[in-house]
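J.: Sharing target22.cif (mmCIF, C-alpha atoms) below.
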```cif
data_protein
#
loop_
_atom_site.label_atom_id
_atom_site.label_comp_id
_atom_site.auth_asym_id
_atom_site.auth_seq_id
_atom_site.Cartn_x
_atom_site.Cartn_y
_atom_site.Cartn_z
CA MET A 1 63.22 48.26 138.10
CA THR A 2 62.97 49.70 141.59
CA ILE A 3 61.98 53.31 142.25
CA SER A 4 65.56 54.19 143.18
CA GLN A 5 66.83 52.72 139.91
CA ILE A 6 64.24 54.68 137.93
CA LEU A 7 65.20 57.91 139.71
CA LEU A 8 68.89 57.25 139.07
CA PHE A 9 68.18 56.57 135.40
CA LEU A 10 66.21 59.81 135.07
CA THR A 11 68.96 61.69 136.90
CA ASN A 12 71.53 60.38 134.42
CA ILE A 13 69.34 61.50 131.52
CA VAL A 14 68.88 65.01 132.96
CA PHE A 15 72.60 65.43 133.59
CA LEU A 16 73.49 64.03 130.19
CA ILE A 17 71.20 66.52 128.43
CA SER A 18 72.26 69.52 130.54
CA THR A 19 75.98 68.82 130.24
CA SER A 20 75.67 68.19 126.50
CA LEU A 21 73.96 71.57 126.04
CA LEU A 22 76.69 73.19 128.12
CA LEU A 23 79.32 71.51 125.96
CA ILE A 24 77.70 72.81 122.77
CA ILE A 25 77.61 76.38 124.12
CA CYS A 26 81.23 76.27 125.30
CA ALA A 27 82.38 74.68 122.03
CA PHE A 28 80.67 77.42 120.01
CA PHE A 29 82.16 80.05 122.32
CA LEU A 30 85.61 78.57 121.65
CA ILE A 31 85.00 78.56 117.89
CA GLU A 32 84.08 82.27 117.99
CA CYS A 33 87.17 83.15 120.01
CA VAL A 34 89.54 81.16 117.79
CA ALA A 35 87.98 82.63 114.63
CA SER A 36 88.49 86.15 115.99
CA ARG A 37 92.25 85.63 115.86
CA PHE A 38 92.21 85.32 112.06
CA ALA A 39 90.94 88.79 111.30
CA LYS A 40 91.83 90.36 107.98
CA VAL A 41 92.88 93.98 107.73
CA CYS A 42 90.23 96.03 105.92
CA ASN A 43 91.54 98.53 103.41
CA GLU A 44 88.24 99.40 101.79
CA ASN A 45 87.75 102.78 100.15
CA ILE A 46 85.54 105.07 102.21
CA ASP A 47 85.46 108.00 99.78
CA ASN A 48 82.14 106.95 98.24
CA TRP A 49 80.24 107.94 101.35
CA GLN A 50 80.64 111.56 100.32
CA ASN A 51 77.82 111.01 97.82
CA THR A 52 75.36 109.69 100.40
CA GLN A 53 72.94 111.45 102.71
CA VAL A 54 73.33 110.39 106.32
CA ASN A 55 71.12 111.18 109.29
CA ILE A 56 72.64 110.61 112.73
CA ILE A 57 70.03 110.07 115.43
CA ILE A 58 70.88 110.46 119.11
CA PRO A 59 68.17 109.32 121.54
CA ALA A 60 68.58 111.32 124.75
CA HIS A 61 66.74 111.18 128.06
CA ASN A 62 68.04 113.74 130.58
CA GLU A 63 71.54 113.78 129.09
CA GLU A 64 72.53 117.38 129.83
CA THR A 65 75.88 116.31 131.29
CA VAL A 66 77.08 114.60 128.11
CA ILE A 67 75.02 115.69 125.11
CA GLY A 68 77.04 118.85 124.41
CA SER A 69 80.39 117.09 124.00
CA THR A 70 78.83 114.29 121.93
CA VAL A 71 77.24 116.73 119.48
CA GLU A 72 80.46 118.74 119.28
CA ARG A 73 82.44 115.65 118.29
CA LEU A 74 79.95 114.58 115.62
CA THR A 75 79.26 117.94 113.97
CA PRO A 76 82.63 118.18 112.14
CA VAL A 77 82.05 114.88 110.28
CA LEU A 78 78.71 115.99 108.80
CA LYS A 79 78.55 116.67 105.09
CA PRO A 80 76.34 119.51 103.79
CA GLN A 81 73.51 117.08 103.01
CA ASP A 82 73.66 115.30 106.39
CA ARG A 83 71.68 115.94 109.56
CA LEU A 84 72.32 115.37 113.25
CA ILE A 85 69.06 114.86 115.13
CA VAL A 86 68.76 114.67 118.90
CA VAL A 87 65.53 113.13 120.19
CA ALA A 88 65.03 114.74 123.61
CA ASP A 89 62.84 112.02 125.06
CA ASN A 90 60.78 112.83 128.17
CA CYS A 91 63.47 115.24 129.34
CA ASN A 92 63.06 117.56 132.31
CA ASP A 93 66.55 119.03 132.13
CA ALA A 94 68.52 121.17 129.65
CA THR A 95 69.25 118.39 127.11
CA ALA A 96 67.26 119.99 124.27
CA GLU A 97 68.60 123.49 124.87
CA ILE A 98 72.23 122.38 125.01
CA ALA A 99 71.92 120.22 121.88
CA ARG A 100 70.36 123.11 119.92
CA THR A 101 73.09 125.47 121.07
CA LYS A 102 75.70 123.03 119.78
CA GLY A 103 74.07 122.91 116.35
CA ALA A 104 71.93 119.77 116.37
CA THR A 105 68.37 119.53 115.11
CA VAL A 106 66.32 118.78 118.21
CA ILE A 107 62.90 117.18 118.43
CA GLU A 108 61.18 116.69 121.75
CA ARG A 109 58.92 113.82 122.74
CA TYR A 110 56.73 113.55 125.83
CA ASP A 111 54.85 110.38 126.72
CA SER A 112 54.77 109.20 130.32
CA GLU A 113 53.40 105.76 129.40
CA LYS A 114 55.63 104.77 126.48
CA ILE A 115 59.08 104.94 128.06
CA GLY A 116 62.28 103.59 126.58
CA LYS A 117 64.92 104.08 123.94
CA GLY A 118 62.92 102.17 121.33
CA TYR A 119 60.11 104.71 121.42
CA ALA A 120 62.61 107.57 121.06
CA LEU A 121 64.18 105.93 118.00
CA ASP A 122 60.77 105.34 116.43
CA TYR A 123 59.94 109.01 116.95
CA GLY A 124 63.18 110.06 115.28
CA ILE A 125 62.63 107.78 112.27
CA LYS A 126 59.13 109.15 111.74
CA PHE A 127 60.51 112.69 111.90
CA ILE A 128 62.98 112.14 109.05
CA GLU A 129 60.83 109.97 106.78
CA SER A 130 59.60 112.95 104.72
CA LYS A 131 63.20 113.60 103.68
CA ALA A 132 64.49 110.06 103.89
CA PRO A 133 68.30 109.70 103.94
CA ASP A 134 70.33 106.89 102.41
CA VAL A 135 71.64 105.74 105.77
CA VAL A 136 70.62 106.24 109.40
CA VAL A 137 73.33 106.03 112.07
CA ILE A 138 72.35 105.65 115.73
CA ILE A 139 74.69 106.92 118.44
CA ASP A 140 74.05 107.02 122.18
CA ALA A 141 74.28 110.38 123.92
CA ASP A 142 77.34 109.51 126.02
CA CYS A 143 79.55 108.07 123.27
CA THR A 144 82.82 109.13 121.68
CA VAL A 145 82.88 108.34 117.96
CA TYR A 146 86.35 107.80 116.53
CA PRO A 147 87.58 109.47 113.31
CA ASP A 148 86.23 107.84 110.13
CA ALA A 149 83.72 105.74 112.10
CA ILE A 150 80.66 107.38 110.51
CA ALA A 151 82.26 107.12 107.07
CA ARG A 152 83.11 103.44 107.53
CA LEU A 153 79.68 102.57 108.88
CA THR A 154 77.97 104.41 106.03
CA GLU A 155 80.17 102.87 103.37
CA SER A 156 79.58 99.36 104.73
CA ALA A 157 75.83 99.90 104.98
CA ILE A 158 75.62 101.14 101.38
CA ALA A 159 77.88 98.40 100.00
CA SER A 160 76.20 95.53 101.85
CA GLN A 161 72.64 96.89 102.07
CA LYS A 162 72.57 95.46 105.58
CA PRO A 163 72.70 96.86 109.11
CA VAL A 164 76.25 97.48 110.31
CA GLN A 165 77.60 97.38 113.85
CA ALA A 166 80.74 99.24 114.94
CA THR A 167 83.14 98.12 117.63
CA TYR A 168 81.59 99.52 120.81
CA LEU A 169 83.74 99.32 123.92
CA MET A 170 83.34 100.66 127.43
CA THR A 171 86.06 101.59 129.85
CA THR A 172 86.46 103.04 133.32
CA ALA A 173 87.30 106.72 133.47
CA LYS A 174 89.70 106.32 136.41
CA LYS A 175 93.41 105.86 135.70
CA SER A 176 93.85 103.47 138.63
CA LYS A 177 91.42 100.59 138.14
CA SER A 178 90.41 97.80 140.46
CA SER A 179 90.38 94.13 139.47
CA LYS A 180 86.59 94.30 139.23
CA GLU A 181 86.76 97.21 136.79
CA LEU A 182 89.45 95.58 134.66
CA LEU A 183 87.45 92.36 134.43
CA ALA A 184 84.33 94.32 133.49
CA GLU A 185 86.25 95.93 130.63
CA PHE A 186 87.52 92.53 129.52
CA ALA A 187 84.03 91.02 129.62
CA TYR A 188 82.72 93.90 127.53
CA LEU A 189 85.57 93.50 125.05
CA MET A 190 84.74 89.80 124.76
CA ARG A 191 81.07 90.48 124.07
CA ASN A 192 81.47 93.49 121.77
CA LEU A 193 84.70 92.83 119.88
CA VAL A 194 85.96 89.25 120.14
CA LEU A 195 82.68 87.40 119.53
CA PRO A 196 81.39 89.67 116.72
CA LEU A 197 84.80 89.52 115.06
CA GLY A 198 84.75 85.73 115.23
CA LEU A 199 81.31 85.66 113.63
CA LYS A 200 82.46 88.07 110.91
CA ASN A 201 85.42 85.82 110.07
CA LEU A 202 83.02 82.88 109.90
CA GLY A 203 80.87 84.80 107.43
CA GLN A 204 77.98 85.23 109.89
CA SER A 205 75.94 88.15 111.16
CA CYS A 206 76.34 89.65 114.64
CA SER A 207 74.03 91.12 117.25
CA LEU A 208 73.42 94.86 117.56
CA LYS A 209 74.94 96.71 120.51
CA GLY A 210 72.71 99.79 120.81
CA THR A 211 75.13 102.42 119.54
CA GLY A 212 77.47 102.73 116.56
CA MET A 213 74.81 101.18 114.33
CA ALA A 214 74.14 102.08 110.68
CA PHE A 215 71.08 101.09 108.66
CA PRO A 216 70.11 101.51 105.03
CA TRP A 217 66.87 103.49 104.99
CA HIS A 218 64.77 100.73 103.45
CA ILE A 219 65.60 98.49 106.43
CA ILE A 220 65.31 100.85 109.40
CA SER A 221 62.16 102.50 108.07
CA LYS A 222 60.32 99.16 108.25
CA ALA A 223 61.75 97.97 111.56
CA ASN A 224 59.58 97.62 114.64
CA LEU A 225 61.29 100.10 116.96
CA ALA A 226 58.44 101.32 119.18
CA ASN A 227 58.90 99.18 122.27
CA GLY A 228 60.17 99.58 125.81
CA HIS A 229 62.23 96.39 125.96
CA ILE A 230 65.20 96.68 128.31
CA VAL A 231 67.59 95.40 125.61
CA GLU A 232 65.89 96.88 122.57
CA ASP A 233 69.12 96.69 120.55
CA LEU A 234 69.44 92.92 120.92
CA LYS A 235 65.76 92.50 120.10
CA LEU A 236 66.06 94.69 117.01
CA GLY A 237 69.07 92.74 115.74
CA LEU A 238 67.30 89.40 116.12
CA ASP A 239 64.11 90.69 114.50
CA LEU A 240 66.12 91.93 111.52
CA ALA A 241 68.09 88.67 111.32
CA ILE A 242 64.85 86.68 111.15
CA ALA A 243 63.65 89.02 108.40
CA GLY A 244 66.83 88.32 106.41
CA HIS A 245 68.75 91.47 107.39
CA GLY A 246 71.42 90.18 109.75
CA ALA A 247 73.91 92.84 110.87
CA ILE A 248 77.52 92.76 109.71
CA PHE A 249 80.40 93.75 111.97
CA CYS A 250 82.69 96.63 111.05
CA PRO A 251 85.60 96.41 113.54
CA GLU A 252 87.43 99.39 112.01
CA ALA A 253 84.64 101.77 113.10
CA ARG A 254 85.07 102.42 116.81
CA VAL A 255 82.77 103.92 119.41
CA THR A 256 83.53 104.15 123.12
CA SER A 257 81.93 105.29 126.35
CA TYR A 258 82.58 105.10 130.08
CA PHE A 259 81.10 102.84 132.70
CA PRO A 260 79.20 104.86 135.34
CA GLN A 261 81.39 105.81 138.28
CA GLN A 262 78.61 105.41 140.85
CA SER A 263 78.37 101.80 142.02
CA GLN A 264 74.56 101.84 142.08
CA ALA A 265 74.39 103.10 138.49
CA THR A 266 76.86 100.41 137.41
CA LYS A 267 74.81 97.72 139.14
CA SER A 268 71.59 98.98 137.55
CA GLN A 269 73.15 99.05 134.08
CA ARG A 270 74.58 95.54 134.30
CA THR A 271 71.38 94.15 135.80
CA ARG A 272 69.43 95.55 132.85
CA TRP A 273 71.88 94.09 130.32
CA GLU A 274 72.09 90.65 131.88
CA HIS A 275 68.43 90.24 132.78
CA GLY A 276 67.54 91.44 129.30
CA HIS A 277 69.89 88.92 127.70
CA LEU A 278 68.41 86.07 129.71
CA GLN A 279 64.89 87.17 128.77
CA MET A 280 65.88 87.21 125.11
CA ILE A 281 67.24 83.66 125.35
CA ARG A 282 63.95 82.53 126.82
CA THR A 283 61.86 84.37 124.21
CA TYR A 284 63.90 84.22 121.01
CA LEU A 285 65.68 80.86 121.18
CA PRO A 286 62.58 78.83 120.23
CA LEU A 287 61.62 81.48 117.65
CA LEU A 288 65.06 81.39 115.99
CA LEU A 289 65.07 77.58 115.85
CA LYS A 290 61.54 77.50 114.45
CA GLU A 291 62.39 80.07 111.76
CA ALA A 292 65.65 78.28 110.95
CA VAL A 293 63.65 75.16 110.11
CA TYR A 294 60.79 76.99 108.39
CA GLN A 295 63.06 79.22 106.27
CA ARG A 296 65.76 76.56 105.89
CA ARG A 297 68.42 78.98 107.09
CA PHE A 298 71.59 77.79 108.81
CA ASP A 299 72.53 81.37 109.75
CA LEU A 300 69.60 81.53 112.19
CA ILE A 301 71.01 78.50 114.00
CA ILE A 302 74.28 80.43 114.37
CA ASN A 303 72.29 83.41 115.71
CA ALA A 304 70.63 81.07 118.20
CA LEU A 305 73.96 79.63 119.36
CA ASP A 306 75.46 83.10 119.75
CA LEU A 307 72.41 84.22 121.74
CA CYS A 308 72.83 81.20 124.04
CA VAL A 309 76.33 82.28 125.07
CA PRO A 310 75.29 84.04 128.30
CA PRO A 311 77.21 86.75 130.16
CA LEU A 312 80.59 85.18 130.91
CA SER A 313 80.26 85.27 134.67
CA LEU A 314 76.92 83.47 134.41
CA LEU A 315 78.49 80.85 132.14
CA VAL A 316 81.09 80.22 134.85
CA VAL A 317 78.34 79.92 137.49
CA ILE A 318 76.39 77.47 135.32
CA TRP A 319 79.48 75.37 134.67
CA LEU A 320 80.46 75.28 138.34
CA GLY A 321 76.93 74.32 139.36
CA ILE A 322 76.55 71.53 136.82
CA MET A 323 80.06 70.21 137.43
CA THR A 324 79.62 70.17 141.20
CA ILE A 325 76.15 68.61 141.25
CA SER A 326 76.93 65.96 138.63
CA SER A 327 80.11 65.04 140.53
CA LEU A 328 78.22 64.71 143.80
CA PHE A 329 75.62 62.45 142.22
CA THR A 330 78.31 60.00 141.16
CA LEU A 331 78.68 59.21 144.87
CA VAL A 332 75.21 57.61 144.79
CA GLY A 333 75.81 55.68 141.60
CA ALA A 334 75.14 58.21 138.85
CA SER A 335 77.15 57.95 135.61
CA TRP A 336 80.56 59.58 135.26
CA ILE A 337 79.81 60.57 131.65
CA PRO A 338 78.17 63.93 132.58
CA VAL A 339 81.21 64.76 134.72
CA ILE A 340 83.53 64.06 131.79
CA ILE A 341 81.36 66.16 129.48
CA SER A 342 81.31 69.02 132.03
CA ALA A 343 85.09 68.87 132.38
CA THR A 344 85.45 69.04 128.60
CA ALA A 345 83.13 72.04 128.49
CA GLY A 346 85.23 73.72 131.16
CA PHE A 347 88.38 73.07 129.17
CA PHE A 348 86.77 74.63 126.07
CA PHE A 349 85.70 77.69 128.08
CA LEU A 350 89.13 78.19 129.64
CA THR A 351 90.83 77.79 126.25
CA ALA A 352 88.46 80.32 124.72
CA ILE A 353 89.14 82.89 127.46
CA LEU A 354 92.92 82.48 127.17
CA THR A 355 92.72 82.67 123.37
CA ALA A 356 90.79 85.94 123.53
CA TRP A 357 92.92 87.38 126.31
CA SER A 358 96.21 86.63 124.56
CA GLY A 359 94.99 88.17 121.33
CA PHE A 360 93.16 91.26 122.54
CA ALA A 361 93.55 92.02 126.23
CA THR A 362 97.11 91.47 127.48
CA GLU A 363 97.67 95.22 127.70
CA ILE A 364 94.43 96.06 129.49
CA LEU A 365 94.24 93.03 131.78
CA PRO A 366 97.42 91.58 133.36
CA LEU A 367 97.41 87.82 133.84
CA ASN A 368 97.37 88.13 137.63
CA GLN A 369 94.14 90.15 137.36
CA LEU A 370 92.63 87.52 135.07
CA LEU A 371 93.12 85.00 137.88
CA THR A 372 90.72 86.98 140.07
CA VAL A 373 87.77 85.91 137.92
CA PRO A 374 86.31 83.60 140.64
CA PHE A 375 85.93 86.56 143.03
CA TYR A 376 84.32 88.65 140.27
CA VAL A 377 81.89 85.84 139.53
CA LEU A 378 80.88 85.48 143.19
CA LYS A 379 79.86 89.15 143.29
CA LYS A 380 77.59 88.63 140.28
CA ILE A 381 75.59 85.75 141.75
CA PRO A 382 72.99 88.05 143.41
CA VAL A 383 72.19 89.54 140.00
CA TYR A 384 71.31 86.11 138.66
CA LEU A 385 69.36 85.14 141.76
CA GLN A 386 67.38 88.35 141.33
CA PHE A 387 66.47 87.23 137.80
CA LEU A 388 64.93 84.05 139.22
CA ILE A 389 63.00 85.94 141.90
CA LYS A 390 62.21 89.33 140.40
CA PRO A 391 63.60 89.93 136.89
CA GLN A 392 63.93 93.50 135.67
CA ASN A 393 61.35 94.18 132.97
CA ILE A 394 61.23 97.97 132.87
CA TRP A 395 63.68 100.16 130.98
CA ILE A 396 65.64 102.34 133.41
CA ARG A 397 68.04 105.02 132.25
CA THR A 398 71.61 104.71 133.53
CA GLU A 399 72.80 107.75 135.43
CA ARG A 400 75.60 109.46 133.51
CA ASP A 401 78.80 111.09 134.62
CA SER A 402 79.94 114.26 132.91
CA VAL A 403 82.25 113.74 129.94
CA SER A 404 85.01 116.21 129.18
#
```
Let me see the structure of the file written as structure tokens.
T.:
Amino acid sequence: MTISQILLFLTNIVFLISTSLLLIICAFFLIECVASRFAKVCNENIDNWQNTQVNIIIPAHNEETVIGSTVERLTPVLKPQDRLIVVADNCNDATAEIARTKGATVIERYDSEKIGKGYALDYGIKFIESKAPDVVVIIDADCTVYPDAIARLTESAIASQKPVQATYLMTTAKKSKSSKELLAEFAYLMRNLVLPLGLKNLGQSCSLKGTGMAFPWHIISKANLANGHIVEDLKLGLDLAIAGHGAIFCPEARVTSYFPQQSQATKSQRTRWEHGHLQMIRTYLPLLLKEAVYQRRFDLIINALDLCVPPLSLLVVIWLGIMTISSLFTLVGASWIPVIISATAGFFFLTAILTAWSGFATEILPLNQLLTVPFYVLKKIPVYLQFLIKPQNIWIRTERDSVS
């Protein structure tokens, strides 16, 4: 064989592998979206939670604009034996004072080296361990918790003896929303409702979303929380899944919050989420596959596949890149098979998006706005290029807007 023939052969192999991996990811994404459409209505009794002791922990770093309203909304759902604890973490504002005034138990932590939500949660867990509750619920400082959410989370955690994740959605506070904002809401709905619901209907565990999480005490008390990872929630969920405590999804429990109104804060928040997700794929994918073989657990393979579904805009970028390059190489004699596989993957992805949109988002995202996805994707490319050049590794708090 000549050198050119060898190079062409190797090129075909590379494209065949890359397009096959893309096809697997898009096929799994489609399976999750289709499965989400077969949800069963849950009519479980939530009266039993009255007999349990619940501690709600709110990690808060300079949250004076939102902490008061969050505590006010949660206080009425507390039973006499429950506690609401705010961890004022490295605060230099009035967070602690406001939370105390509203009736929360406040503990303050100061450590300029160990920065991040994980350290705050670890501090809160150590504070309550002398009077350990049955269930710990974690809520972010800027969230609105819907009626019965705490009861449903607690009931599910007690019944299953597993971590439980609520439906956590984000929206834009403005009444008039741009295409970019509507697509951001849709992407968040996909990640935090559609995909977890699909996994639930398939009998599988889901990832943790950082807020609206409930844990039986025997699980959270042994978890490794003290870290400054930029997506500590995703890390925690995968660590627990490997340990045999995969989280279950409770769609009936709902928690919401607002996207930041400042463009820079929005960019910082999404960069942290997406860079963190990509870092977790790089770190945890081989670990999940290794443990799946070692422990002989099929559920860890499902966790690995779910982890490999990247942010949707990135998945579009990857598909476009592979499709374009593999098509161009056919002009110099490369095989058409990778192109066919890429096209099939694209069909799976488009079908998945339309399936999810028709079932969950027709009211929040008109079809004409859905067609603006290519423009939304183009604006996200710099975020992914930044990951290749200088990935974000440090936890940075998102600037909040006041919540009424």
J.: Measure the distance from CA of Ser205 (chain A) to CA of Asn303 (chain A) in Å and round it to one decimal.
T.: 7.5 Å
J.: So how many Å separate CA of Asp93 (chain A) and CA of Phe215 (chain A), to one decimal?
T.: 29.9 Å
J.: Applied to the shown file, which residues does the PyMOL selection byres ((chain A and resi 299) around 12) return, written as a PyMOL selection string?
T.: chain A and resi 199+202-206+238+241-247+288-289+291-293+295-298+300-306
J.: Using the chain letters and numbers from this file, what does the PyMOL selection byres ((chain A and resi 121-135) around 10) select? Give the answer as a PyMOL selection string.
T.: chain A and resi 49+51-60+81-83+85-89+106-109+116-120+136-138+153-155+157-158+161+163+214-227
J.: Ranking A:Ile230, A:Ala187, A:Ala35, A:Leu350 by minimum distance to Trp273 (chain A) and counting all atoms listed in the file, which one comes first?
T.: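 Closest candidate: A:Ile230.
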J.: Can you translate the PyMOL selection byres ((chain A and resi 28) around 12) into the concrete residues it hits in this file, as a PyMOL selection string?
T.: chain A and resi 21-27+29-35+195+198-199+202+301-310+345+348-349+351-352
J.: Have a look at A:Pro366, A:Val145, A:Gln50, A:Phe15 and name the one nearest to Lys79 (chain A); count only C-alpha atoms.
T.: A:Gln50
J.: For a test of reading the model, state the distance in Å between CA of Val255 (chain A) and CA of Ala184 (chain A), rounded to one decimal.
T.: 17.1 Å
J.: Please give the centre and size of the box around region 121-137 of chain A (axis-aligned, containing every atom listed in the file, 8 Å added per side), with values in Å to one decimal and written as JSON.
T.:
```
{"center_x": 66.2, "center_y": 109.5, "center_z": 110.2, "size_x": 30.2, "size_y": 24.3, "size_z": 31.6}
```
J.: Residues within 8 Å of Ser342 (chain A), please, as number ranges by chain. Count all atoms listed in the file; anything in the same chain fewer than 3 positions from it doesn't count.
T.: A: 19-20, 22-23, 319, 322-323, 338-339, 345-346
J.: Env of Thr211 (chain A): 9 Å cut, atoms = all atoms listed in the file, seq-sep filter 5 positions within chain, self excluded. Answer as a ChimeraX atom specification.
T.: /A:137-140,143,165-166,168,233,255
J.: With only C-alpha atoms as the basis for distance, which of A:Tyr294, A:Thr167, A:Leu16, A:Ala356 is at the shortest distance from Trp336 (chain A)?
T.: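 Among A:Tyr294, A:Thr167, A:Leu16, A:Ala356, it is A:Leu16 that comes nearest to Trp336 (chain A).
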J.: Would you please work out which residue, of A:Leu7, A:Ala94, A:Ile340, A:Ile150, is nearest to Arg73 (chain A) when using all atoms listed in the file?
T.: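 The answer is A:Ile150, which sits nearest to Arg73 (chain A).
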J.: How would you write as a PyMOL selection string the residues that get within 8 Å of (85.0, 102.0, 132.2) in the file's frame, counting all atoms listed in the file?
T.: chain A and resi 170-174+181+184-185+257-260
